[in-house]
Each structure stands twice: as C-alpha cells, then as structure tokens.
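**Q** Please read through the structure below; I'll follow up with questions.
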There are 2 protein chains.
Amino acid sequence: MNIGMVRYVTARLLQIEALLLLFPLIVSFIYQETLRHKMSFIIVIIILVLLGQLFSWKKPKNKRLTPREGFVIVALSWVLFSFFGGLPFVFNGDIPSLVDAFFETSSGFTTTGSSILVDVEALAHSSLFWRSFTHLTGGMGILAFALAVLPQMDSQSVNIMKAETPGPTFGKLVSKLSSSARILYIIYLAMTATVVILLLLGGMELFDALLHAFATAGTGGFGVRNGSIAPYQNPYIEWVISFGMLAFGVNFNLYYLILIGQAKQIFKSEELKWYLLIVIGAVGLISLNIGGTYTSISKLIRDVFFSVSSVITTTGFSTADFGTWPLFSQMVLLLLMFIGGSAGSTAGGLKISRIVIYGKIFIAEIKRVAQPNRIVTIQYDRKPLSKVVKHAVSNYFVIYMVLFTILVMLISLDAPDFLTAFSAVAATFNNIGPGIGAVGPAFSFVELSDFSKVLLSFGMLAGRLEIFPILILFAPRTWKR
Amino acid sequence: MNIGMVRYVTARLLQIEALLLLFPLIVSFIYQETLRHKMSFIIVIIILVLLGQLFSWKKPKNKRLTPREGFVIVALSWVLFSFFGGLPFVFNGDIPSLVDAFFETSSGFTTTGSSILVDVEALAHSSLFWRSFTHLTGGMGILAFALAVLPQMDSQSVNIMKAETPGPTFGKLVSKLSSSARILYIIYLAMTATVVILLLLGGMELFDALLHAFATAGTGGFGVRNGSIAPYQNPYIEWVISFGMLAFGVNFNLYYLILIGQAKQIFKSEELKWYLLIVIGAVGLISLNIGGTYTSISKLIRDVFFSVSSVITTTGFSTADFGTWPLFSQMVLLLLMFIGGSAGSTAGGLKISRIVIYGKIFIAEIKRVAQPNRIVTIQYDRKPLSKVVKHAVSNYFVIYMVLFTILVMLISLDAPDFLTAFSAVAATFNNIGPGIGAVGPAFSFVELSDFSKVLLSFGMLAGRLEIFPILILFAPRTWKR
C-alpha cells in the first residue's frame, strides 16, 4: 500500500478538523464561557495543526490512490476525527472520560446520536454546538474536505467517494466528480438552512434551531434538551422536523434532478417509491395498532409519523415514548431501524435500495427453484439489475449479519441481558442512536463498560462507512508496503 | 403443473402413513390401553387408507415429475402427514385441540421437538410412542416412502430428494438414487439400533430407550419424562445421548465412505472439520464462562457438552438449565441454534456448510473490495466453489432472514414480548424445540394463540424443508395446470 500518500492526506485532513473546531470556539466566545472551555478548543486546534504539519511535511513521491488507499484514508480519518474531536470534552470537563468522549464524538460524526450523557442540559453551549456540528459534517463526509486537500482531483477522490457514500451503487451527477460533490454539498447546506429558518418561524431560539437543523440534516439525533423534541410541546416544530428528517433520508441525486428541471425523472426512482410506501405503510400499521389509546387523531398521526420518520432515517429524535406501545408497533419500528434510509442520503441502516433488491431476490429465487430452466432476471429502476450489483448486495447482507453477530456476542460478555445487547448493537451499527426496549430514548450508554463503548464506537464507524473501510483497517495485509 | 401426478403420489403416501400408524396401535395393544386409545389409531388408519384409495384411483396419464412437482409433493405430504398424524391425539383425548395436535405432530415430523404439552408423563404409551416415532420417520423424510410408491424410479425421485435433503448441495453415493437412499436408510436405522442397545446397557427400560433413540436419531428432542434427560440422573446415559446427537448431526454420506473402506476421504470434509471445531470451541468458551460455578470438572464438561451437542444438532434435549447461565454462554448457544448441524444430516439450522461458506464470502468480499482487480476464488473441500452454489448459498441467507423477519413480525401480534417472539421463531424455524430465555426448556407452546401455533407449525415445516417447498405451495401459479 502507498502508506506515504495515506499519511499525507490524513495529516492534511486533521488540519481541516482544526478549522472545524474554530466554530465551537467562536460559540464559546459569544457565550462568554470560562477560560477552560475556550482553551479546551484552542489546545486541540494547536495539536491538530502541529500533527498535521509534522505528518504532511514530507510529500509523498507516489501520488497514486487505489481503492485500498481510499478505504484506509476514509477509515483512518473517521477514527482520528472521532478521537481528536472528543478531546475538547475531556479538557473542558464536560465529558471527563476519554472513552466516553470518543464514543460521543464517533456517535456524532457517524450521525448515530447514541449518547453517554444523562443530562444534556448541563453542557456548555460550545460543547453542545460542537456535538451537533459533528452531525452536520459527518453527514457530508470527509469527501467534502478531501476534495480540498487532494493534490490531484477526480481520479483520486473517486476512491474516497466510493469508500464513504452509502448504498450499493453510486453515480456521479456530472462528469467531473468534484463538481458533482460541490452541487450535492450546496443542496445539503441549503436544505439545512431551510430547516433553520422554518424552526425559527416556529418560535425556536437561534441556537436550538441551528443545532436541531444540524442533527436533522445529518439524521443524527443529538438534541439540546433532555427529552429530545418532546419538551418544546410544539406541533409545528414536530411537523417541521418530521418532514425534515424524511427529506434528508432521500437520495440527494434526486434533488439535483429537480434542480436541473428533470423532476419527472424522480418518478422513475424505485427507491423513492418504496421509501415512501414503507413510511406510509408503517404509519398506517402502527396507527391501527395503537389508535385506541389516543383521543385526538391529529396527535396520533403526528406522534406516529414523527417516530416512523425518526426511526427509518435513523435519526433518533423522539416525541412520544414508543417503548410503551404494543409489541407489534415496536417490532415495526425495529424493522425500520434495519431498513434505514435511501442510498446516497445521510441515513444509516441497510438502505431501501438493498431492501428492495432483497425482496426481489426472494421472489426470483422461489421462481428459479420451482423452474430451474427458466431464466429469471431482476429489474431495478426499469433496467435489468447487473449480476455484479446483485451479488454485491446479496453478499453485503451476509457480511452485515456476520459482523452484527460478532458485535452482539462480544457485547454479551458484559451486557445485562439479550435485549440490551441486541438493541445496543442494532441502534449503533445502524447509526440510529437510541434503540427500543432496554436502550430506548431514556437509556444512556454510560452504563456500559469501556470495552463495550469502544466496541460500539467501532460498530458505529463500521455502520456509517458500510463495513469495508473499517475492516480493511484491521487487516494486517493493509499495512504492508 | 402436473396436478394428476401430485394427487396420485400424495394419496399413495397417505397410505404409507396408515402403515406407520400400525406401530403405535401395536404399542396400544401391548400396554392394554383403553378401547378409545386403540380406536383412535384404527379410525385414522381407515381414513388414510380410504382417502388414499379415493385419490389414487385414477392413475395419472402423464407421469412426469419436474422439480416443481417434486417440491409440491414433498410440501403437501409433510403438511398432510402432520395433520392426519395429529388426529389420533385428538380422538384419544391426549391432545384435545386440533391446532395443538397439528403443532405437536409438525414438531415431531420436522424433528423440532417444540411441545404444547405441560405434563408429558400423563400421555398414554401409544401416544408417547407415536410422538417420538414421528421423529424417526421425519428424520428419514418421505423420500424413503416415495421410493416405494413412485411408478418410475430415479429420474423422478431425484426431484423428491432435492426438495427434502437439507444443505446447499446434495450428492448421490452411487449412480442409482434408489440404491443411494437405501444405503443411507440402513446406516440410519443401524445407528438408531446402536443407540437403543447402548441405552439399554445403561439400565434404561426398553420403551424409554426406543423413544429416546428415535428422538436422538431424528435430532428431534421429544422426551418421555418431564424434565427431558435430567430425571434419569445417569452420567452414562447423558454421554451416550450427547455423542448420539453429535453423530446424527454429521453428513450421512461420510458414514457411507467409512462403510466402503474410504475412511480417509472423511478427513477431506471441511464441513466435518468445522463442525467438530465449532463444537470444541463452544464447549471451551462456555466452560471458561461458567466454570466458576461448578465444583466437579467432569460434571461441568458433561453438562456443557450435552447442551452444546443438543443445541447445535437442534435436538433440544436438556440436562442442565442453561437459562441460568451467564448471558455470553447463552449467546453462544443461541448462535449454535442458527448454525445447526451438517448438510445431509437430520439436524436443522442454516447448516455448517453454509456457515463455512458465509465465513469465506466474508473474507473474500473484503479482499475483493480492497483490490477490485484481483480475482478472489473461494475454495471448498479443496475445490473451487462453483458460482452457482456460492450465489445460491448467499441468496438462501437473504431468503432465510426475510422469512424469519416476517414470522417474528406476525408472532409479535400476540406475543407478550420481543424475546418470546424472537426465541419462539428461532426455536421452531431452526427445528430446535425449546429455545432459550422466555421459551426455554420449561416453556410450553400451549400458552400461545392458535394463530401463532399454526404459524409456527408452518415455520417448522419451512425450516425442515429449507423454505422453498413450503413457499411454492402458497404461490398461486403453482396450482395452474
């Protein structure tokens, strides 16, 4: 492997994280926080700048980036971003434990939203801001920054994008990748700004509106108040966030199509169709199941739609406590946690496109077994699905479940019961945040051991990066020159 | 579909079930049971003979059996065997509910061993005998009988065998299928007889020895006493059954190789190697995990080995109550439940051969993603694994999990909690019998609703027949001429 190039790019990316840390530092000044709070960010900024200089001093001779280097840069950067991004919390005392801080920041960057905090409201403004800001940047991915630091464009960065973009396939919108990426980031930031404005119109303070918009955009779920969105007691805000989460769970390429006036094209998207059908189906099933306990039908629909939207997009905000709903409703939500949002969105899970393909494989295999001589083809987006994609999607499920099982086995070494072990892994590996049952919205991951926290942090990273980059990081072969 | 042929063969197979029912009838006479008990078997025998005559009266003109007819005959016969096989219990009053009787008999034929009975010891000898005898015949499969009733041999019955034999591939031992099958059945029955003799030598009564040998051979798990094997308090018997279960979880083709003096060949079997390694690994891990609670190391190993052997072969006999073991040990057992025994054995689960291939896909995919230009081949049994088998195995996992999820969702409509729903499906779909946690060895499925019982019965049948035959039965297309 071209270790020189990995070292150089990763070092430059750490300096980008130093730039990102200027934002919470500014917040710290605005809210006139203690010197310790300001210094905690300044120290980490200095560390990152120095480390970045040190490791990028010697420029690599060979500037080639194969997919393998792409994967390693992405995985390494995400781990290091999470580690160094957690240091301010340790230094300012808001999260004294290094492991807890790593967990919280991994959870932020991977847009998971699982928290080791019991009392969010006790945090300083700068800490709260940084915590939610990691959702916004994590949703964009390091590609946004890699484009700025990579010595050569396009042919190199395509391997970063492949390693980081969720979903079975990825498409470039325009022939030049860097232009594609810029268009997507503009859409992403414009949509985030829209959520901020809509929340402000609902009477939310600017600080809260910004942070909730970051968490909605990244489909992360870190909140500002204990009790997530419920304490605002504001139906308008709940609707804005419900639709906001749903919008960020859509493949961003579709927004680009609307932007260039090809809105008709989006009706051809099978993934969008199934995404909406699944949401409508889940809202319908749960409403029927719990309808009897509500007196107001508008509150029923609002609560159910919010929960479904939050869970399928793997955001993890909550208004109603669905832990008290009947088992069937909880099972529908549990299923949505594994389904997740669309490919090419910020949402986690297996992704709608894969689920649709699994459904089609299910039907095709039954046909094939019944009539071995018949040729059964799978159509996707009105085109025959290539064998390469079909097998990659099928194999991904095997890999996903093998890793899921390994994580549950390891967590069970010190989890109190099966449900906690299963839910904790499901909630982190799918980048949801709070799970159901034992690790529901009221649960704090602080109760787990350090071993479990580190393991789940890597689970979150593996889930966000769709497994391969993180696994390749641990393969001994990777580190041979 | 050639419905005439399906009708004819299925009708003749029902007459075979009438023959099988003569055995418990004889037991009923030996133990001088009430007239009602004797009549319950006689009535069902008469019904089956008449139905068989009625539907096989008109011989089919077209005698062709495609794979599809093979699948439908197998699925239909298993469902009907379970239904009619349950009637004696209803008529003699031992299991008054028709749904309960169907559940218990499906559980018997599929060698699952899940029971709706709370007090096994209250059953008449003939009922107990028939219940365990279904394990023995279910382990053999209807192929044994189909060979006797099929008008033409081999080219036809190969489709029955394909539909019924577990595992990703199946091999004929000798060129003529009927000869292959006969050799396997002789081995099967000889091994069962060996277990009977070994149990008699341990001081077990003949009746108990026969029934336990049937349940061991079929890796079913129906017992004779409340509390399974524990009440015998006999270490020798526990060892005999432990090794017995393990032996019936091996691919029977390997025994054939020993028989014809090619014992060396079995060392080439990857499945056997991994089967034994997994058993040794599981025994080691659990022993380390619970070792502290035992004073006698021989009792520790005996309890752990018995549990591991019982669970991996999906038998479901129990001596120690592993529900009280630490979570990690229970998770190891839960994992074994999904792994199951070898292909071509009577054990359920996903099968060792598939698990090994999943592990190899896991490693191969990581290599492939890291180096897209490298050609990664998977070796199995020292030969390159064909793409067809690899994709079939990979797709099977998707289908298995889709069906598993659907079953859990439906059961959750009236299960009390997640663990019960999950364990009940895991225990039945994998043909284990008792699960862990809420549906542990002390649990009786009688507490579930009729809807759940029927659903789980089909789950057991789908698990035993590896899904496709049962699904094809429900496809509307199947019933078009």
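Chain labels run A, B, ... following the order of the structure tokens; each chain numbers its residues from 1, and ligands are numbered from 1 in the order shown.
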Find the residues of chain A that sit at most 7 Å from chain B; for each, write down the nearest two atoms and how far apart they are in Å, to one decimal. Count only C-alpha atoms. Sort by chain, then by number going up, and give it as JSON lines.
**A**
```
{"residue": "A:Pro67", "atom": "CA", "partner": "B:Ala370", "partner_atom": "CA", "distance": 6.2}
{"residue": "A:Arg68", "atom": "CA", "partner": "B:Ala370", "partner_atom": "CA", "distance": 4.7}
{"residue": "A:Leu327", "atom": "CA", "partner": "B:Ser412", "partner_atom": "CA", "distance": 6.0}
{"residue": "A:Phe328", "atom": "CA", "partner": "B:Ser412", "partner_atom": "CA", "distance": 5.1}
{"residue": "A:Met331", "atom": "CA", "partner": "B:Met409", "partner_atom": "CA", "distance": 6.3}
{"residue": "A:Tyr358", "atom": "CA", "partner": "B:Val398", "partner_atom": "CA", "distance": 6.5}
{"residue": "A:Phe362", "atom": "CA", "partner": "B:Ile399", "partner_atom": "CA", "distance": 5.4}
{"residue": "A:Ile366", "atom": "CA", "partner": "B:Phe468", "partner_atom": "CA", "distance": 6.3}
{"residue": "A:Ala370", "atom": "CA", "partner": "B:Arg68", "partner_atom": "CA", "distance": 4.7}
{"residue": "A:Gln371", "atom": "CA", "partner": "B:Arg68", "partner_atom": "CA", "distance": 6.4}
{"residue": "A:Ser394", "atom": "CA", "partner": "B:Ser394", "partner_atom": "CA", "distance": 6.2}
{"residue": "A:Asn395", "atom": "CA", "partner": "B:Ser394", "partner_atom": "CA", "distance": 6.2}
{"residue": "A:Val398", "atom": "CA", "partner": "B:Tyr358", "partner_atom": "CA", "distance": 6.5}
{"residue": "A:Ile399", "atom": "CA", "partner": "B:Phe362", "partner_atom": "CA", "distance": 5.4}
{"residue": "A:Met409", "atom": "CA", "partner": "B:Met331", "partner_atom": "CA", "distance": 6.3}
{"residue": "A:Ser412", "atom": "CA", "partner": "B:Phe328", "partner_atom": "CA", "distance": 5.1}
{"residue": "A:Leu413", "atom": "CA", "partner": "B:Phe328", "partner_atom": "CA", "distance": 5.2}
{"residue": "A:Asp417", "atom": "CA", "partner": "B:Leu327", "partner_atom": "CA", "distance": 6.2}
{"residue": "A:Phe418", "atom": "CA", "partner": "B:Leu327", "partner_atom": "CA", "distance": 7.0}
{"residue": "A:Phe468", "atom": "CA", "partner": "B:Ile366", "partner_atom": "CA", "distance": 6.3}
{"residue": "A:Ile472", "atom": "CA", "partner": "B:Ile366", "partner_atom": "CA", "distance": 6.9}
```
**Q** Quick one: residues within 8 Å of region 215-218 of chain B, only C-alpha atoms counted, chain neighbours fewer than 2 positions away excluded, as a list in words?
**A** Thr111, Ser132, Phe133, His135, Leu136, Thr137, Gly138, Gly139, Met140, Tyr188, Met191, Thr192, Leu211, His212, Ala213, Gly220, Gly221, Phe222, Gly223, Ile241, Gly244, Met245, Phe248, Thr315, Thr346 and Ala347 of chain B
**Q** Take CA of Ile470 (chain A) and CA of Ile378 (chain B) and report the distance between them in Å, one decimal.
**A**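 Those two atoms sit 22.4 Å apart.
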**Q** Among region 4-209 of chain B, which residues carry a DSSP assignment of alpha helix (DSSP H), reported as a ChimeraX atom specification?
**A** /B:4-20,22-30,35-56,67-92,98-109,125-140,143-149,157-164,177-201,206-209
**Q** Just write the chosen residues, C-alpha atoms, as a tab-separated table (two decimals), in the first residue's frame.
**A**
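Listing of part-v9.tsv after writing:
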```
chain	number	residue	atom	x	y	z
B	4	GLY	CA	-52.71	-35.51	-11.52
B	5	MET	CA	-49.30	-36.87	-10.61
B	6	VAL	CA	-49.14	-34.78	-7.43
B	7	ARG	CA	-52.55	-36.10	-6.41
B	8	TYR	CA	-51.62	-39.70	-7.14
B	9	VAL	CA	-48.27	-39.75	-5.35
B	10	THR	CA	-49.55	-37.80	-2.34
B	11	ALA	CA	-52.52	-40.15	-1.99
B	12	ARG	CA	-50.25	-43.21	-2.03
B	13	LEU	CA	-48.02	-41.57	0.57
B	14	LEU	CA	-51.03	-41.11	2.87
B	15	GLN	CA	-51.49	-44.88	2.76
B	16	ILE	CA	-47.89	-45.21	3.90
B	17	GLU	CA	-48.75	-43.07	6.91
B	18	ALA	CA	-51.55	-45.55	7.63
B	19	LEU	CA	-48.88	-48.28	7.74
B	20	LEU	CA	-46.75	-46.19	10.12
B	22	LEU	CA	-49.81	-49.60	12.91
B	23	PHE	CA	-46.76	-49.29	15.19
B	24	PRO	CA	-48.42	-47.18	17.91
B	25	LEU	CA	-51.53	-49.35	17.52
B	26	ILE	CA	-49.43	-52.39	18.41
B	27	VAL	CA	-48.00	-50.47	21.38
B	28	SER	CA	-51.55	-49.70	22.45
B	29	PHE	CA	-52.35	-53.41	22.44
B	30	ILE	CA	-49.14	-54.35	24.28
B	35	LEU	CA	-60.62	-49.04	23.60
B	36	ARG	CA	-60.67	-45.32	22.89
B	37	HIS	CA	-56.91	-45.27	22.52
B	38	LYS	CA	-56.88	-48.26	20.19
B	39	MET	CA	-59.81	-46.93	18.18
B	40	SER	CA	-58.18	-43.52	17.76
B	41	PHE	CA	-55.40	-45.12	15.71
B	42	ILE	CA	-57.70	-47.54	13.90
B	43	ILE	CA	-60.05	-44.77	12.78
B	44	VAL	CA	-57.21	-42.65	11.40
B	45	ILE	CA	-55.73	-45.68	9.64
B	46	ILE	CA	-59.11	-46.31	7.98
B	47	ILE	CA	-59.47	-42.64	6.98
B	48	LEU	CA	-56.00	-42.63	5.43
B	49	VAL	CA	-56.50	-45.86	3.53
B	50	LEU	CA	-59.83	-44.68	2.13
B	51	LEU	CA	-58.56	-41.21	1.20
B	52	GLY	CA	-55.54	-42.82	-0.39
B	53	GLN	CA	-57.70	-45.15	-2.45
B	54	LEU	CA	-60.06	-42.35	-3.46
B	55	PHE	CA	-57.34	-40.02	-4.74
B	56	SER	CA	-55.11	-42.65	-6.32
B	67	PRO	CA	-38.66	-30.19	-9.75
B	68	ARG	CA	-41.79	-28.18	-9.19
B	69	GLU	CA	-43.97	-31.29	-8.75
B	70	GLY	CA	-41.25	-32.72	-6.50
B	71	PHE	CA	-41.43	-29.66	-4.27
B	72	VAL	CA	-45.21	-29.65	-4.13
B	73	ILE	CA	-45.46	-33.38	-3.35
B	74	VAL	CA	-42.92	-33.03	-0.57
B	75	ALA	CA	-44.52	-29.93	0.97
B	76	LEU	CA	-48.06	-31.25	0.67
B	77	SER	CA	-47.16	-34.65	2.10
B	78	TRP	CA	-45.41	-33.13	5.10
B	79	VAL	CA	-48.40	-30.87	5.85
B	80	LEU	CA	-50.90	-33.73	5.43
B	81	PHE	CA	-48.74	-36.17	7.43
B	82	SER	CA	-48.71	-33.61	10.25
B	83	PHE	CA	-52.43	-33.00	10.06
B	84	PHE	CA	-53.56	-36.66	9.91
B	85	GLY	CA	-50.79	-37.74	12.26
B	86	GLY	CA	-52.23	-35.38	14.87
B	87	LEU	CA	-55.75	-36.83	14.69
B	88	PRO	CA	-55.14	-39.84	16.99
B	89	PHE	CA	-54.16	-37.40	19.78
B	90	VAL	CA	-57.44	-35.53	19.26
B	91	PHE	CA	-59.54	-38.72	19.16
B	92	ASN	CA	-57.96	-40.34	22.22
B	98	LEU	CA	-56.90	-29.90	16.72
B	99	VAL	CA	-54.46	-26.96	16.40
B	100	ASP	CA	-52.36	-28.23	19.30
B	101	ALA	CA	-52.27	-31.70	17.78
B	102	PHE	CA	-51.19	-30.29	14.40
B	103	PHE	CA	-48.46	-28.26	16.13
B	104	GLU	CA	-47.21	-31.26	18.12
B	105	THR	CA	-47.15	-33.56	15.10
B	106	SER	CA	-45.49	-30.97	12.81
B	107	SER	CA	-42.96	-30.55	15.58
B	108	GLY	CA	-42.48	-34.32	15.59
B	109	PHE	CA	-42.13	-34.91	11.85
B	125	HIS	CA	-47.79	-45.21	25.95
B	126	SER	CA	-49.19	-45.36	22.42
B	127	SER	CA	-49.34	-41.56	22.21
B	128	LEU	CA	-45.80	-41.19	23.54
B	129	PHE	CA	-44.60	-43.81	21.10
B	130	TRP	CA	-46.26	-42.22	18.06
B	131	ARG	CA	-44.98	-38.79	19.10
B	132	SER	CA	-41.36	-39.99	19.17
B	133	PHE	CA	-41.82	-42.28	16.17
B	134	THR	CA	-42.61	-39.17	14.06
B	135	HIS	CA	-39.04	-38.00	14.84
B	136	LEU	CA	-37.60	-41.22	13.44
B	137	THR	CA	-39.65	-41.09	10.25
B	138	GLY	CA	-39.30	-37.31	9.89
B	139	GLY	CA	-35.55	-37.71	10.05
B	140	MET	CA	-35.69	-40.15	7.13
B	143	LEU	CA	-38.18	-39.97	0.17
B	144	ALA	CA	-37.95	-43.32	1.95
B	145	PHE	CA	-41.60	-43.92	1.19
B	146	ALA	CA	-41.72	-42.13	-2.14
B	147	LEU	CA	-39.24	-44.67	-3.47
B	148	ALA	CA	-41.80	-47.34	-2.71
B	149	VAL	CA	-44.78	-45.63	-4.35
B	157	SER	CA	-37.44	-39.38	-7.19
B	158	VAL	CA	-34.34	-37.27	-7.58
B	159	ASN	CA	-36.71	-34.29	-7.51
B	160	ILE	CA	-38.20	-35.51	-4.23
B	161	MET	CA	-34.72	-35.86	-2.79
B	162	LYS	CA	-33.72	-32.38	-3.96
B	163	ALA	CA	-36.74	-30.90	-2.26
B	164	GLU	CA	-36.16	-32.68	1.01
B	177	LEU	CA	-30.55	-42.91	-6.47
B	178	SER	CA	-32.76	-45.61	-5.01
B	179	SER	CA	-29.67	-47.60	-4.07
B	180	SER	CA	-28.09	-44.48	-2.53
B	181	ALA	CA	-31.16	-43.86	-0.44
B	182	ARG	CA	-31.39	-47.46	0.72
B	183	ILE	CA	-27.79	-47.45	1.87
B	184	LEU	CA	-28.39	-44.25	3.85
B	185	TYR	CA	-31.53	-45.63	5.48
B	186	ILE	CA	-29.75	-48.80	6.51
B	187	ILE	CA	-27.00	-46.72	8.11
B	188	TYR	CA	-29.62	-44.53	9.81
B	189	LEU	CA	-31.53	-47.45	11.26
B	190	ALA	CA	-28.38	-49.33	12.30
B	191	MET	CA	-27.16	-46.24	14.17
B	192	THR	CA	-30.55	-45.88	15.84
B	193	ALA	CA	-30.43	-49.52	16.92
B	194	THR	CA	-26.94	-48.92	18.34
B	195	VAL	CA	-28.26	-46.06	20.48
B	196	VAL	CA	-31.10	-48.30	21.73
B	197	ILE	CA	-28.62	-51.00	22.75
B	198	LEU	CA	-26.27	-48.52	24.44
B	199	LEU	CA	-29.17	-47.02	26.40
B	200	LEU	CA	-30.37	-50.49	27.45
B	201	LEU	CA	-26.84	-51.25	28.67
B	206	LEU	CA	-36.78	-50.70	26.55
B	207	PHE	CA	-39.71	-48.33	25.99
B	208	ASP	CA	-37.75	-45.27	27.12
B	209	ALA	CA	-34.62	-46.44	25.26
```
